[in-house]
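Notes for the one structure printed next.
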Amino acid sequence: APSAQVATAVSATGFEEVGGVAWDPLSLAKLEDANDTFPNMFPKGQFLEEAEIKHGRMSMLAWTGVWATHVGGMGLGMHIPGMPVESDWTKALGVVASEQPALFGSILLFISIAEGESVGHSGDNWRNMSTKEPGNLGFDWMGLTNKFTEEEVARYKIVEKKNGRAAMIAMASLFAMESIPGSVPLMDVFN
(Lines give C-alpha, C1' and ligand atoms only; values in the text may rest on other atoms or scores of the structure.)
Protein backbone atom coordinates (compact mmCIF):
# COMPACT_ATOMS: atom_id res chain seq x y z
CA ALA A 1 0.00 0.00 0.00
CA PRO A 2 1.34 3.47 -0.82
CA SER A 3 2.34 5.53 2.14
CA ALA A 4 0.37 8.69 2.87
CA GLN A 5 2.10 11.90 1.90
CA VAL A 6 3.14 13.99 4.85
CA ALA A 7 3.16 17.76 4.37
CA THR A 8 6.46 19.29 5.41
CA ALA A 9 7.34 22.89 6.08
CA VAL A 10 8.72 23.08 2.55
CA SER A 11 5.81 21.44 0.72
CA ALA A 12 2.92 22.74 2.83
CA THR A 13 1.26 25.61 0.98
CA GLY A 14 -2.20 25.55 2.50
CA PHE A 15 -3.71 24.92 -0.92
CA GLU A 16 -3.11 21.17 -1.24
CA GLU A 17 -6.83 20.55 -1.78
CA VAL A 18 -6.71 22.63 -4.99
CA GLY A 19 -3.43 21.39 -6.41
CA GLY A 20 -1.07 23.48 -4.29
CA VAL A 21 -1.79 26.72 -6.15
CA ALA A 22 -3.44 29.71 -4.51
CA TRP A 23 -6.73 30.87 -6.02
CA ASP A 24 -5.97 34.42 -7.06
CA PRO A 25 -8.09 35.33 -10.11
CA LEU A 26 -7.27 39.06 -9.80
CA SER A 27 -3.51 38.39 -9.42
CA LEU A 28 -3.40 40.51 -6.27
CA ALA A 29 -0.36 38.60 -5.04
CA LYS A 30 1.52 39.75 -8.13
CA LEU A 31 0.91 43.48 -7.70
CA GLU A 32 4.56 43.89 -6.81
CA ASP A 33 5.43 42.86 -10.38
CA ALA A 34 4.26 46.34 -11.44
CA ASN A 35 7.10 47.83 -9.40
CA ASP A 36 9.03 48.80 -12.53
CA THR A 37 6.10 50.90 -13.72
CA PHE A 38 4.81 52.18 -10.37
CA PRO A 39 7.62 51.98 -7.79
CA ASN A 40 6.46 51.65 -4.18
CA MET A 41 2.81 52.05 -5.17
CA PHE A 42 1.68 48.47 -4.53
CA PRO A 43 2.40 46.35 -1.44
CA LYS A 44 4.77 43.40 -1.58
CA GLY A 45 4.07 39.86 -0.44
CA GLN A 46 5.33 40.42 3.12
CA PHE A 47 2.84 43.21 3.71
CA LEU A 48 -0.06 41.28 2.18
CA GLU A 49 0.67 38.19 4.27
CA GLU A 50 1.02 40.28 7.45
CA ALA A 51 -2.29 42.02 6.69
CA GLU A 52 -4.07 38.72 6.01
CA ILE A 53 -2.86 37.17 9.26
CA LYS A 54 -3.67 40.29 11.31
CA HIS A 55 -7.16 40.72 9.88
CA GLY A 56 -7.83 37.00 10.24
CA ARG A 57 -6.88 37.13 13.92
CA MET A 58 -9.06 40.19 14.54
CA SER A 59 -11.98 38.56 12.71
CA MET A 60 -11.65 35.41 14.81
CA LEU A 61 -11.77 37.57 17.95
CA ALA A 62 -14.71 39.56 16.58
CA TRP A 63 -16.66 36.40 15.78
CA THR A 64 -15.99 35.15 19.31
CA GLY A 65 -17.26 38.49 20.65
CA VAL A 66 -20.47 38.12 18.68
CA TRP A 67 -21.00 34.65 20.12
CA ALA A 68 -20.15 35.85 23.62
CA THR A 69 -22.82 38.55 23.74
CA HIS A 70 -25.61 37.43 21.40
CA VAL A 71 -28.72 35.81 22.83
CA GLY A 72 -28.29 32.08 22.20
CA GLY A 73 -24.86 32.60 20.63
CA MET A 74 -26.13 33.21 17.07
CA GLY A 75 -28.27 30.09 17.22
CA LEU A 76 -25.33 27.93 18.22
CA GLY A 77 -25.99 28.07 21.97
CA MET A 78 -22.56 29.49 22.73
CA HIS A 79 -23.33 32.52 24.88
CA ILE A 80 -20.47 32.96 27.34
CA PRO A 81 -21.72 33.18 30.95
CA GLY A 82 -21.08 36.52 32.60
CA MET A 83 -21.20 38.43 29.34
CA PRO A 84 -24.11 40.82 28.72
CA VAL A 85 -27.03 39.51 26.72
CA GLU A 86 -27.88 41.55 23.64
CA SER A 87 -30.23 40.48 20.87
CA ASP A 88 -28.67 42.87 18.33
CA TRP A 89 -24.99 42.00 17.83
CA THR A 90 -24.27 45.46 16.37
CA LYS A 91 -25.06 47.03 19.77
CA ALA A 92 -23.30 44.39 21.87
CA LEU A 93 -19.94 46.18 22.09
CA GLY A 94 -21.67 49.29 23.44
CA VAL A 95 -23.47 47.18 26.02
CA VAL A 96 -20.17 45.59 27.11
CA ALA A 97 -18.57 49.05 27.32
CA SER A 98 -21.37 50.40 29.52
CA GLU A 99 -21.90 47.33 31.73
CA GLN A 100 -18.28 46.17 32.05
CA PRO A 101 -15.96 49.16 31.47
CA ALA A 102 -12.91 47.36 32.88
CA LEU A 103 -13.33 44.49 30.43
CA PHE A 104 -13.85 46.92 27.57
CA GLY A 105 -10.75 48.87 28.58
CA SER A 106 -8.68 45.69 28.74
CA ILE A 107 -9.91 44.72 25.26
CA LEU A 108 -8.86 48.13 23.90
CA LEU A 109 -5.50 47.86 25.66
CA PHE A 110 -4.91 44.41 24.18
CA ILE A 111 -5.78 45.64 20.68
CA SER A 112 -3.55 48.70 20.99
CA ILE A 113 -0.60 46.62 22.21
CA ALA A 114 -1.09 44.05 19.46
CA GLU A 115 -1.33 46.76 16.79
CA GLY A 116 1.65 48.67 18.17
CA GLU A 117 3.82 45.57 18.38
CA SER A 118 2.80 44.52 14.89
CA VAL A 119 3.66 47.88 13.36
CA GLY A 120 6.74 48.41 15.50
CA HIS A 121 8.32 45.08 14.63
CA SER A 122 7.18 44.79 11.03
CA GLY A 123 9.79 47.17 9.69
CA ASP A 124 9.37 48.05 6.05
CA ASN A 125 7.32 45.08 4.89
CA TRP A 126 5.54 47.25 2.31
CA ARG A 127 8.69 46.85 0.18
CA ASN A 128 9.68 43.32 1.38
CA MET A 129 12.52 44.78 3.44
CA SER A 130 11.36 43.64 6.88
CA THR A 131 13.42 41.17 8.87
CA LYS A 132 10.34 39.97 10.75
CA GLU A 133 8.37 36.90 9.69
CA PRO A 134 4.77 37.93 8.85
CA GLY A 135 2.43 37.15 11.75
CA ASN A 136 5.19 36.48 14.27
CA LEU A 137 4.96 39.03 17.07
CA GLY A 138 7.63 37.24 19.10
CA PHE A 139 5.02 36.50 21.77
CA ASP A 140 4.93 32.76 22.53
CA TRP A 141 4.23 32.79 26.25
CA MET A 142 3.30 29.10 26.26
CA GLY A 143 6.41 28.06 24.32
CA LEU A 144 4.38 26.14 21.75
CA THR A 145 6.80 26.64 18.87
CA ASN A 146 9.45 24.83 20.91
CA LYS A 147 7.10 21.94 21.72
CA PHE A 148 6.04 21.27 18.12
CA THR A 149 8.06 19.94 15.22
CA GLU A 150 8.78 22.18 12.24
CA GLU A 151 6.08 20.35 10.27
CA GLU A 152 3.50 20.89 13.01
CA VAL A 153 4.34 24.60 13.26
CA ALA A 154 3.95 24.94 9.47
CA ARG A 155 0.62 23.09 9.63
CA TYR A 156 -0.72 25.29 12.43
CA LYS A 157 0.26 28.43 10.50
CA ILE A 158 -1.83 27.16 7.59
CA VAL A 159 -4.69 26.26 9.93
CA GLU A 160 -4.56 29.76 11.43
CA LYS A 161 -4.70 31.36 7.98
CA LYS A 162 -7.62 29.20 6.87
CA ASN A 163 -9.57 29.82 10.07
CA GLY A 164 -8.81 33.53 9.74
CA ARG A 165 -10.14 33.51 6.17
CA ALA A 166 -13.31 31.76 7.33
CA ALA A 167 -13.73 34.30 10.15
CA MET A 168 -13.29 37.22 7.73
CA ILE A 169 -16.00 35.74 5.51
CA ALA A 170 -18.20 35.16 8.58
CA MET A 171 -17.86 38.77 9.74
CA ALA A 172 -18.48 40.05 6.21
CA SER A 173 -21.63 37.92 6.06
CA LEU A 174 -22.81 39.36 9.40
CA PHE A 175 -22.33 42.90 8.13
CA ALA A 176 -24.07 42.02 4.84
CA MET A 177 -26.94 40.40 6.75
CA GLU A 178 -27.35 43.51 8.89
CA SER A 179 -27.19 46.04 6.05
CA ILE A 180 -28.95 44.07 3.27
CA PRO A 181 -31.83 41.99 4.69
CA GLY A 182 -32.08 38.54 3.11
CA SER A 183 -28.57 38.69 1.62
CA VAL A 184 -27.35 35.78 3.78
CA PRO A 185 -30.18 33.19 3.71
CA LEU A 186 -28.34 30.79 6.01
CA MET A 187 -28.35 33.36 8.82
CA ASP A 188 -32.13 33.57 8.63
CA VAL A 189 -32.16 29.99 9.94
CA PHE A 190 -30.18 31.03 13.05
CA ASN A 191 -32.29 34.10 13.80
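By order of appearance in the C-alpha coordinates: chains A, B, ..., then residues from 1 within every chain, and ligands from 1 in the order shown.
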inquiry  = Give me, as a ChimeraX atom specification, the residues of region 45-99 of chain A that a backbone DSSP run labels alpha helix (DSSP H).
reply    = /A:45-69,92-99
Print the selection's residues with N, CA, C and O atoms to a file, as a tab-separated table (two decimals), in the first residue's frame.
```tsv
chain	number	residue	atom	x	y	z
A	45	GLY	N	4.62	41.06	-1.05
A	45	GLY	CA	4.07	39.86	-0.44
A	45	GLY	C	4.12	39.85	1.08
A	45	GLY	O	3.20	39.38	1.74
A	46	GLN	N	5.20	40.37	1.66
A	46	GLN	CA	5.33	40.42	3.12
A	46	GLN	C	4.19	41.21	3.74
A	46	GLN	O	3.59	40.79	4.73
A	47	PHE	N	3.89	42.36	3.17
A	47	PHE	CA	2.84	43.21	3.71
A	47	PHE	C	1.48	42.54	3.56
A	47	PHE	O	0.65	42.55	4.48
A	48	LEU	N	1.22	41.93	2.41
A	48	LEU	CA	-0.06	41.28	2.18
A	48	LEU	C	-0.28	40.10	3.13
A	48	LEU	O	-1.37	39.92	3.66
A	49	GLU	N	0.79	39.33	3.35
A	49	GLU	CA	0.67	38.19	4.27
A	49	GLU	C	0.46	38.67	5.71
A	49	GLU	O	-0.37	38.13	6.44
A	50	GLU	N	1.19	39.70	6.11
A	50	GLU	CA	1.02	40.28	7.45
A	50	GLU	C	-0.41	40.79	7.63
A	50	GLU	O	-1.05	40.56	8.66
A	51	ALA	N	-0.93	41.48	6.61
A	51	ALA	CA	-2.29	42.02	6.69
A	51	ALA	C	-3.32	40.90	6.76
A	51	ALA	O	-4.28	40.99	7.52
A	52	GLU	N	-3.12	39.84	5.99
A	52	GLU	CA	-4.07	38.72	6.01
A	52	GLU	C	-4.09	38.06	7.38
A	52	GLU	O	-5.17	37.78	7.93
A	53	ILE	N	-2.93	37.82	7.95
A	53	ILE	CA	-2.86	37.17	9.26
A	53	ILE	C	-3.48	38.07	10.33
A	53	ILE	O	-4.28	37.62	11.16
A	54	LYS	N	-3.14	39.36	10.31
A	54	LYS	CA	-3.67	40.29	11.31
A	54	LYS	C	-5.19	40.40	11.23
A	54	LYS	O	-5.89	40.32	12.24
A	55	HIS	N	-5.71	40.58	10.02
A	55	HIS	CA	-7.16	40.72	9.88
A	55	HIS	C	-7.88	39.41	10.18
A	55	HIS	O	-9.00	39.42	10.70
A	56	GLY	N	-7.24	38.29	9.88
A	56	GLY	CA	-7.83	37.00	10.24
A	56	GLY	C	-7.93	36.84	11.75
A	56	GLY	O	-8.94	36.39	12.28
A	57	ARG	N	-6.87	37.22	12.46
A	57	ARG	CA	-6.88	37.13	13.92
A	57	ARG	C	-7.96	38.04	14.52
A	57	ARG	O	-8.69	37.64	15.43
A	58	MET	N	-8.05	39.26	14.02
A	58	MET	CA	-9.06	40.19	14.54
A	58	MET	C	-10.47	39.69	14.22
A	58	MET	O	-11.39	39.84	15.04
A	59	SER	N	-10.66	39.09	13.06
A	59	SER	CA	-11.98	38.56	12.71
A	59	SER	C	-12.35	37.37	13.58
A	59	SER	O	-13.52	37.21	13.95
A	60	MET	N	-11.36	36.53	13.92
A	60	MET	CA	-11.65	35.41	14.81
A	60	MET	C	-12.07	35.93	16.18
A	60	MET	O	-13.01	35.40	16.80
A	61	LEU	N	-11.38	36.98	16.67
A	61	LEU	CA	-11.77	37.57	17.95
A	61	LEU	C	-13.14	38.24	17.87
A	61	LEU	O	-13.94	38.15	18.80
A	62	ALA	N	-13.41	38.91	16.75
A	62	ALA	CA	-14.71	39.56	16.58
A	62	ALA	C	-15.84	38.54	16.55
A	62	ALA	O	-16.89	38.75	17.17
A	63	TRP	N	-15.63	37.44	15.85
A	63	TRP	CA	-16.66	36.40	15.78
A	63	TRP	C	-16.91	35.82	17.17
A	63	TRP	O	-18.05	35.56	17.56
A	64	THR	N	-15.83	35.63	17.94
A	64	THR	CA	-15.99	35.15	19.31
A	64	THR	C	-16.76	36.15	20.15
A	64	THR	O	-17.60	35.78	20.97
A	65	GLY	N	-16.52	37.44	19.93
A	65	GLY	CA	-17.26	38.49	20.65
A	65	GLY	C	-18.74	38.48	20.31
A	65	GLY	O	-19.58	38.71	21.18
A	66	VAL	N	-19.06	38.21	19.07
A	66	VAL	CA	-20.47	38.12	18.68
A	66	VAL	C	-21.13	36.95	19.40
A	66	VAL	O	-22.22	37.07	19.94
A	67	TRP	N	-20.45	35.81	19.41
A	67	TRP	CA	-21.00	34.65	20.12
A	67	TRP	C	-21.16	34.94	21.60
A	67	TRP	O	-22.13	34.53	22.22
A	68	ALA	N	-20.16	35.63	22.18
A	68	ALA	CA	-20.15	35.85	23.62
A	68	ALA	C	-21.31	36.70	24.10
A	68	ALA	O	-21.78	36.55	25.22
A	69	THR	N	-21.80	37.60	23.27
A	69	THR	CA	-22.82	38.55	23.74
A	69	THR	C	-24.20	38.35	23.13
A	69	THR	O	-25.16	38.89	23.64
A	92	ALA	N	-23.87	45.15	20.76
A	92	ALA	CA	-23.30	44.39	21.87
A	92	ALA	C	-22.03	45.02	22.43
A	92	ALA	O	-21.82	45.03	23.65
A	93	LEU	N	-21.18	45.58	21.59
A	93	LEU	CA	-19.94	46.18	22.09
A	93	LEU	C	-20.25	47.39	22.98
A	93	LEU	O	-19.61	47.58	24.02
A	94	GLY	N	-21.26	48.16	22.60
A	94	GLY	CA	-21.67	49.29	23.44
A	94	GLY	C	-22.22	48.84	24.78
A	94	GLY	O	-21.98	49.48	25.80
A	95	VAL	N	-22.93	47.72	24.77
A	95	VAL	CA	-23.47	47.18	26.02
A	95	VAL	C	-22.32	46.71	26.91
A	95	VAL	O	-22.31	46.97	28.12
A	96	VAL	N	-21.33	46.03	26.33
A	96	VAL	CA	-20.17	45.59	27.11
A	96	VAL	C	-19.44	46.80	27.68
A	96	VAL	O	-19.05	46.81	28.84
A	97	ALA	N	-19.28	47.85	26.86
A	97	ALA	CA	-18.57	49.05	27.32
A	97	ALA	C	-19.29	49.72	28.48
A	97	ALA	O	-18.66	50.23	29.41
A	98	SER	N	-20.63	49.73	28.45
A	98	SER	CA	-21.37	50.40	29.52
A	98	SER	C	-21.52	49.53	30.76
A	98	SER	O	-21.48	50.03	31.88
A	99	GLU	N	-21.68	48.22	30.58
A	99	GLU	CA	-21.90	47.33	31.73
A	99	GLU	C	-20.60	46.82	32.35
A	99	GLU	O	-20.57	46.52	33.54
```
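Across A:Pro181, A:Gly82, A:Pro25, A:Gly164, the tightest approach to Gln100 (chain A) is made by A:Gly82 when counting only C-alpha atoms.
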task = Enter the distance from CA of Ser183 (chain A) to CA of Glu86 (chain A), in Å, rounded to one decimal.
result =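 So the two atoms, CA of Ser183 (chain A) and CA of Glu86 (chain A), lie 22.2 Å apart.
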note = A straight line from CA of Met129 (chain A) to CA of Ala166 (chain A) spans 29.2 Å
task = Between CA of Met142 (chain A) and CA of Ile113 (chain A), measure the distance and give it in Å to one decimal.
result = 18.4 Å
